[in-house]
>>> print(open('start24.pdb').read())   # PDB, C-alpha atoms, pLDDT in the B column
ATOM      1  CA  MET I   1     -70.339 -97.493 132.830  1.00 57.00           C
ATOM      2  CA  GLY I   2     -73.964 -96.796 133.367  1.00 62.00           C
ATOM      3  CA  ALA I   3     -76.023 -98.138 136.223  1.00 64.00           C
ATOM      4  CA  ALA I   4     -76.678-101.499 134.525  1.00 68.00           C
ATOM      5  CA  GLY I   5     -72.976-102.029 133.755  1.00 71.00           C
ATOM      6  CA  ILE I   6     -71.958-101.250 137.308  1.00 71.00           C
ATOM      7  CA  THR I   7     -74.697-103.489 138.699  1.00 72.00           C
ATOM      8  CA  CYS I   8     -73.729-106.437 136.472  1.00 74.00           C
ATOM      9  CA  SER I   9     -70.012-106.028 137.102  1.00 73.00           C
ATOM     10  CA  THR I  10     -70.278-105.628 140.845  1.00 71.00           C
ATOM     11  CA  SER I  11     -72.666-108.523 141.348  1.00 70.00           C
ATOM     12  CA  GLY I  12     -70.750-110.847 139.013  1.00 70.00           C
ATOM     13  CA  MET I  13     -67.341-110.145 140.501  1.00 68.00           C
ATOM     14  CA  SER I  14     -68.683-110.189 144.033  1.00 65.00           C
ATOM     15  CA  ALA I  15     -70.247-113.612 143.591  1.00 67.00           C
ATOM     16  CA  LYS I  16     -67.362-115.197 141.633  1.00 65.00           C
ATOM     17  CA  GLY I  17     -64.632-113.893 143.901  1.00 62.00           C
ATOM     18  CA  LYS I  18     -66.735-114.030 147.049  1.00 57.00           C
ATOM     19  CA  GLY I  19     -66.255-110.274 147.223  1.00 53.00           C
ATOM     20  CA  GLY I  20     -65.075-107.412 145.049  1.00 50.00           C
ATOM     21  CA  MET I  21     -66.144-104.875 142.449  1.00 70.00           C
ATOM     22  CA  LEU I  22     -64.945-104.097 138.914  1.00 72.00           C
ATOM     23  CA  ILE I  23     -61.203-103.536 139.407  1.00 80.00           C
ATOM     24  CA  VAL I  24     -60.353-104.650 142.873  1.00 80.00           C
ATOM     25  CA  ALA I  25     -57.327-102.827 144.240  1.00 86.00           C
ATOM     26  CA  LYS I  26     -55.739-103.691 147.537  1.00 88.00           C
ATOM     27  CA  ALA I  27     -56.717-101.142 150.161  1.00 88.00           C
ATOM     28  CA  GLY I  28     -54.229 -98.278 150.087  1.00 92.00           C
ATOM     29  CA  TYR I  29     -53.351 -98.740 146.382  1.00 93.00           C
ATOM     30  CA  GLU I  30     -56.244 -96.726 144.961  1.00 92.00           C
ATOM     31  CA  ASP I  31     -54.001 -93.781 144.014  1.00 93.00           C
ATOM     32  CA  ARG I  32     -51.672 -96.089 142.040  1.00 93.00           C
ATOM     33  CA  VAL I  33     -54.629 -97.438 140.053  1.00 92.00           C
ATOM     34  CA  LYS I  34     -55.883 -93.903 139.400  1.00 92.00           C
ATOM     35  CA  ALA I  35     -52.401 -92.884 138.169  1.00 93.00           C
ATOM     36  CA  ILE I  36     -52.383 -95.737 135.636  1.00 91.00           C
ATOM     37  CA  PHE I  37     -55.819 -94.709 134.387  1.00 88.00           C
ATOM     38  CA  GLU I  38     -54.738 -91.071 134.191  1.00 89.00           C
ATOM     39  CA  LYS I  39     -51.703 -92.065 132.092  1.00 89.00           C
ATOM     40  CA  TRP I  40     -54.124 -93.413 129.467  1.00 84.00           C
ATOM     41  CA  ASP I  41     -56.551 -90.492 129.787  1.00 83.00           C
ATOM     42  CA  LEU I  42     -59.164 -92.668 131.483  1.00 81.00           C
ATOM     43  CA  GLU I  43     -61.270 -91.972 134.533  1.00 81.00           C
ATOM     44  CA  ALA I  44     -61.239 -94.068 137.680  1.00 84.00           C
ATOM     45  CA  GLU I  45     -63.239 -93.590 140.842  1.00 83.00           C
ATOM     46  CA  VAL I  46     -63.525 -95.521 144.056  1.00 86.00           C
ATOM     47  CA  ILE I  47     -67.157 -96.574 144.174  1.00 83.00           C
ATOM     48  CA  GLY I  48     -67.097 -99.093 146.977  1.00 83.00           C
ATOM     49  CA  HIS I  49     -65.135-101.569 149.002  1.00 82.00           C
ATOM     50  CA  VAL I  50     -64.874-105.338 149.319  1.00 81.00           C
ATOM     51  CA  SER I  51     -66.701-107.135 152.077  1.00 84.00           C
ATOM     52  CA  SER I  52     -66.975-110.808 152.901  1.00 83.00           C
ATOM     53  CA  ASP I  53     -70.633-110.918 153.930  1.00 88.00           C
ATOM     54  CA  GLY I  54     -71.879-112.230 150.557  1.00 83.00           C
ATOM     55  CA  ARG I  55     -74.129-109.217 150.056  1.00 86.00           C
ATOM     56  CA  LEU I  56     -74.190-106.475 147.449  1.00 84.00           C
ATOM     57  CA  LYS I  57     -75.065-103.210 149.111  1.00 88.00           C
ATOM     58  CA  MET I  58     -75.568 -99.905 147.345  1.00 86.00           C
ATOM     59  CA  LYS I  59     -76.089 -96.495 148.844  1.00 89.00           C
ATOM     60  CA  MET I  60     -77.607 -93.311 147.529  1.00 89.00           C
ATOM     61  CA  SER I  61     -77.017 -90.108 149.466  1.00 92.00           C
ATOM     62  CA  GLY I  62     -75.631 -92.182 152.324  1.00 90.00           C
ATOM     63  CA  GLU I  63     -78.732 -94.377 152.636  1.00 95.00           C
ATOM     64  CA  VAL I  64     -78.619 -98.112 151.806  1.00 93.00           C
ATOM     65  CA  VAL I  65     -81.047 -98.609 148.914  1.00 93.00           C
ATOM     66  CA  VAL I  66     -79.939-102.122 147.855  1.00 88.00           C
ATOM     67  CA  ASP I  67     -78.980-105.013 150.114  1.00 91.00           C
ATOM     68  CA  ILE I  68     -79.143-108.369 148.330  1.00 86.00           C
ATOM     69  CA  ALA I  69     -77.302-111.699 148.361  1.00 85.00           C
ATOM     70  CA  VAL I  70     -74.901-111.687 145.391  1.00 79.00           C
ATOM     71  CA  ASP I  71     -75.537-115.372 144.678  1.00 78.00           C
ATOM     72  CA  SER I  72     -79.127-114.561 143.758  1.00 77.00           C
ATOM     73  CA  LEU I  73     -77.909-112.310 140.922  1.00 73.00           C
ATOM     74  CA  VAL I  74     -75.512-114.631 139.132  1.00 69.00           C
ATOM     75  CA  VAL I  75     -75.271-118.046 137.467  1.00 62.00           C
ATOM     76  CA  GLY I  76     -75.456-120.862 139.974  1.00 65.00           C
ATOM     77  CA  GLY I  77     -77.249-118.742 142.479  1.00 62.00           C
ATOM     78  CA  GLY I  78     -80.573-118.199 140.831  1.00 60.00           C
ATOM     79  CA  ALA I  79     -79.986-116.121 137.717  1.00 59.00           C
ATOM     80  CA  SER I  80     -81.228-117.545 134.405  1.00 65.00           C
ATOM     81  CA  VAL I  81     -78.769-119.331 132.123  1.00 68.00           C
ATOM     82  CA  TYR I  82     -79.510-119.724 128.432  1.00 76.00           C
ATOM     83  CA  ARG I  83     -77.922-122.754 126.809  1.00 84.00           C
ATOM     84  CA  ARG I  84     -78.173-122.661 123.039  1.00 88.00           C
ATOM     85  CA  ARG I  85     -78.218-125.868 121.041  1.00 90.00           C
ATOM     86  CA  SER I  86     -74.889-126.468 119.342  1.00 91.00           C
ATOM     87  CA  GLU I  87     -73.269-129.208 117.327  1.00 91.00           C
ATOM     88  CA  GLU I  88     -69.969-129.722 115.587  1.00 91.00           C
ATOM     89  CA  PRO I  89     -70.091-129.002 111.834  1.00 91.00           C
ATOM     90  CA  SER I  90     -69.975-132.235 109.823  1.00 88.00           C
ATOM     91  CA  TYR I  91     -67.172-130.982 107.560  1.00 88.00           C
ATOM     92  CA  LEU I  92     -64.725-130.938 110.493  1.00 90.00           C
ATOM     93  CA  LEU I  93     -64.694-134.734 110.722  1.00 88.00           C
ATOM     94  CA  GLU I  94     -63.647-134.919 107.068  1.00 85.00           C
ATOM     95  CA  LEU I  95     -60.943-132.270 107.546  1.00 86.00           C
ATOM     96  CA  ARG I  96     -59.476-134.095 110.524  1.00 89.00           C
ATOM     97  CA  GLN I  97     -58.982-137.207 108.370  1.00 88.00           C
ATOM     98  CA  LEU I  98     -56.934-135.342 105.741  1.00 85.00           C
ATOM     99  CA  GLU I  99     -53.601-136.973 104.972  1.00 88.00           C
ATOM    100  CA  THR I 100     -51.296-134.154 103.879  1.00 87.00           C
ATOM    101  CA  ASP I 101     -48.819-136.597 102.324  1.00 89.00           C
ATOM    102  CA  GLU I 102     -51.504-137.560  99.796  1.00 88.00           C
ATOM    103  CA  ILE I 103     -51.856-134.004  98.440  1.00 89.00           C
ATOM    104  CA  PRO I 104     -50.064-133.791  95.058  1.00 91.00           C
ATOM    105  CA  ASP I 105     -47.603-131.003  94.311  1.00 92.00           C
ATOM    106  CA  PRO I 106     -49.157-128.287  92.132  1.00 92.00           C
ATOM    107  CA  SER I 107     -48.071-128.027  88.529  1.00 95.00           C
ATOM    108  CA  ASP I 108     -48.129-124.195  88.552  1.00 96.00           C
ATOM    109  CA  TYR I 109     -46.838-122.584  91.751  1.00 94.00           C
ATOM    110  CA  ASN I 110     -47.396-119.079  90.328  1.00 95.00           C
ATOM    111  CA  ALA I 111     -51.127-119.759  89.878  1.00 95.00           C
ATOM    112  CA  ILE I 112     -51.316-121.124  93.439  1.00 92.00           C
ATOM    113  CA  PHE I 113     -49.481-118.053  94.736  1.00 91.00           C
ATOM    114  CA  LEU I 114     -51.924-115.689  92.987  1.00 91.00           C
ATOM    115  CA  ARG I 115     -54.879-117.682  94.277  1.00 90.00           C
ATOM    116  CA  LEU I 116     -53.520-117.430  97.841  1.00 88.00           C
ATOM    117  CA  LEU I 117     -53.049-113.675  97.513  1.00 84.00           C
ATOM    118  CA  SER I 118     -56.681-113.286  96.478  1.00 84.00           C
ATOM    119  CA  SER I 119     -57.864-114.964  99.683  1.00 84.00           C
ATOM    120  CA  PRO I 120     -59.578-112.653 102.190  1.00 77.00           C
ATOM    121  CA  ASN I 121     -57.489-114.310 104.909  1.00 79.00           C
ATOM    122  CA  ILE I 122     -54.274-112.985 103.355  1.00 81.00           C
ATOM    123  CA  THR I 123     -55.216-109.776 101.556  1.00 72.00           C
ATOM    124  CA  SER I 124     -55.659-106.278 102.938  1.00 72.00           C
ATOM    125  CA  LYS I 125     -57.482-105.920 106.244  1.00 70.00           C
ATOM    126  CA  LYS I 126     -58.661-102.362 105.521  1.00 70.00           C
ATOM    127  CA  TRP I 127     -62.272-103.509 105.640  1.00 69.00           C
ATOM    128  CA  VAL I 128     -61.738-104.433 109.307  1.00 67.00           C
ATOM    129  CA  TYR I 129     -59.920-101.455 110.742  1.00 64.00           C
ATOM    130  CA  ARG I 130     -61.893 -98.889 108.737  1.00 66.00           C
ATOM    131  CA  GLN I 131     -64.960 -99.889 110.762  1.00 65.00           C
ATOM    132  CA  TYR I 132     -63.395 -98.633 113.980  1.00 61.00           C
ATOM    133  CA  ASP I 133     -62.018 -95.421 115.413  1.00 58.00           C
ATOM    134  CA  LYS I 134     -58.715 -94.697 113.680  1.00 62.00           C
ATOM    135  CA  THR I 135     -57.272 -92.470 116.373  1.00 61.00           C
ATOM    136  CA  VAL I 136     -55.551 -93.443 119.587  1.00 60.00           C
ATOM    137  CA  ARG I 137     -56.192 -90.980 122.420  1.00 60.00           C
ATOM    138  CA  THR I 138     -56.173 -88.157 119.814  1.00 66.00           C
ATOM    139  CA  ASN I 139     -52.436 -88.762 119.369  1.00 65.00           C
ATOM    140  CA  THR I 140     -52.511 -90.435 115.960  1.00 69.00           C
ATOM    141  CA  LEU I 141     -50.275 -88.424 113.615  1.00 67.00           C
ATOM    142  CA  VAL I 142     -50.603 -90.664 110.551  1.00 67.00           C
ATOM    143  CA  GLN I 143     -53.700 -92.815 110.439  1.00 66.00           C
ATOM    144  CA  CYS I 144     -53.574 -96.485 109.662  1.00 64.00           C
ATOM    145  CA  ILE I 145     -53.862 -96.910 105.900  1.00 63.00           C
ATOM    146  CA  SER I 146     -52.305-100.352 105.608  1.00 60.00           C
ATOM    147  CA  ASP I 147     -50.964-102.148 108.610  1.00 62.00           C
ATOM    148  CA  ALA I 148     -49.391 -99.416 110.738  1.00 64.00           C
ATOM    149  CA  ALA I 149     -49.992 -95.962 112.159  1.00 64.00           C
ATOM    150  CA  VAL I 150     -47.764 -93.262 113.671  1.00 68.00           C
ATOM    151  CA  ILE I 151     -48.609 -92.393 117.268  1.00 68.00           C
ATOM    152  CA  ARG I 152     -47.259 -89.357 119.160  1.00 68.00           C
ATOM    153  CA  LEU I 153     -45.983 -90.213 122.647  1.00 69.00           C
ATOM    154  CA  LYS I 154     -47.765 -88.371 125.417  1.00 66.00           C
ATOM    155  CA  GLY I 155     -46.002 -85.141 126.312  1.00 64.00           C
ATOM    156  CA  THR I 156     -43.975 -84.853 123.086  1.00 59.00           C
TER     157      THR I 156
END
>>> encode(input="start24.pdb", output="structure tokens")
Amino acid sequence: MGAAGITCSTSGMSAKGKGGMLIVAKAGYEDRVKAIFEKWDLEAEVIGHVSSDGRLKMKMSGEVVVDIAVDSLVVGGGASVYRRRSEEPSYLLELRQLETDEIPDPSDYNAIFLRLLSSPNITSKKWVYRQYDKTVRTNTLVQCISDAAVIRLKGT
């Protein structure tokens, strides 16, 4: 995380939980958390500790450079909240009144089957997963070309 991510996460968690930052581990369990992160080739660092004074304090080179009430940074304590206008789509009311018993049986089940298979909700999902990274921790032996991939276990 960059500075903005750390600032947002620490202030949000501190205010909501009345204390805390990012992943909050019980004092003395930091090494266990780091071991879990290491297992997945991720980095973890202790960047602070939980207090109950309702303040977010940050230091640089040992000097306190931020000391602010966490409630002033989050919703309900002074931060802006944007509420977008929303309304339920009108077609939902009609769908909720559908009586399934009134739907006639199709005359050609094969045609219905082919129509279902052509639906984007049922067909190949390649267009989705091809947009994203196809490797998992650089251990992907056979990349996902349909609905599965082959992953090498760490250490093998």
>>> atom_distance(input="start24.pdb", atom1="CA of Ile68 in chain I", atom2="CA of Leu56 in chain I")
5.4 Å
>>> atom_distance(input="start24.pdb", atom1="CA of Ile47 in chain I", atom2="CA of Ser72 in chain I")
21.6 Å
>>> closest_residue(input="start24.pdb", among="I:Ser90, I:Ser11, I:Ser61, I:Ser51", to="Leu73 in chain I", atoms="only C-alpha atoms")
I:Ser11
>>> residues_around(input="start24.pdb", residues="Ala27 in chain I", least_positions_apart="6", cutoff="12 Å", atoms="only C-alpha atoms", output="list in words")
Gly20, Val33, Val46, Gly48, His49, Val50 and Ser51 of chain I
>>> resolve_selection(input="start24.pdb", expression="the PyMOL selection byres ((chain I and resi 67) around 8)", output="PyMOL selection string")
chain I and resi 55-58+64-66+68-69
>>> axis_aligned_box(input="start24.pdb", around="range 41-59 of chain I", padding_each_side="8 Å", output="JSON")
{"center_x": -66.3, "center_y": -101.4, "center_z": 141.9, "size_x": 35.5, "size_y": 37.7, "size_z": 40.1}
>>> atom_distance(input="start24.pdb", atom1="CA of Lys126 in chain I", atom2="CA of Trp40 in chain I")
26.0 Å
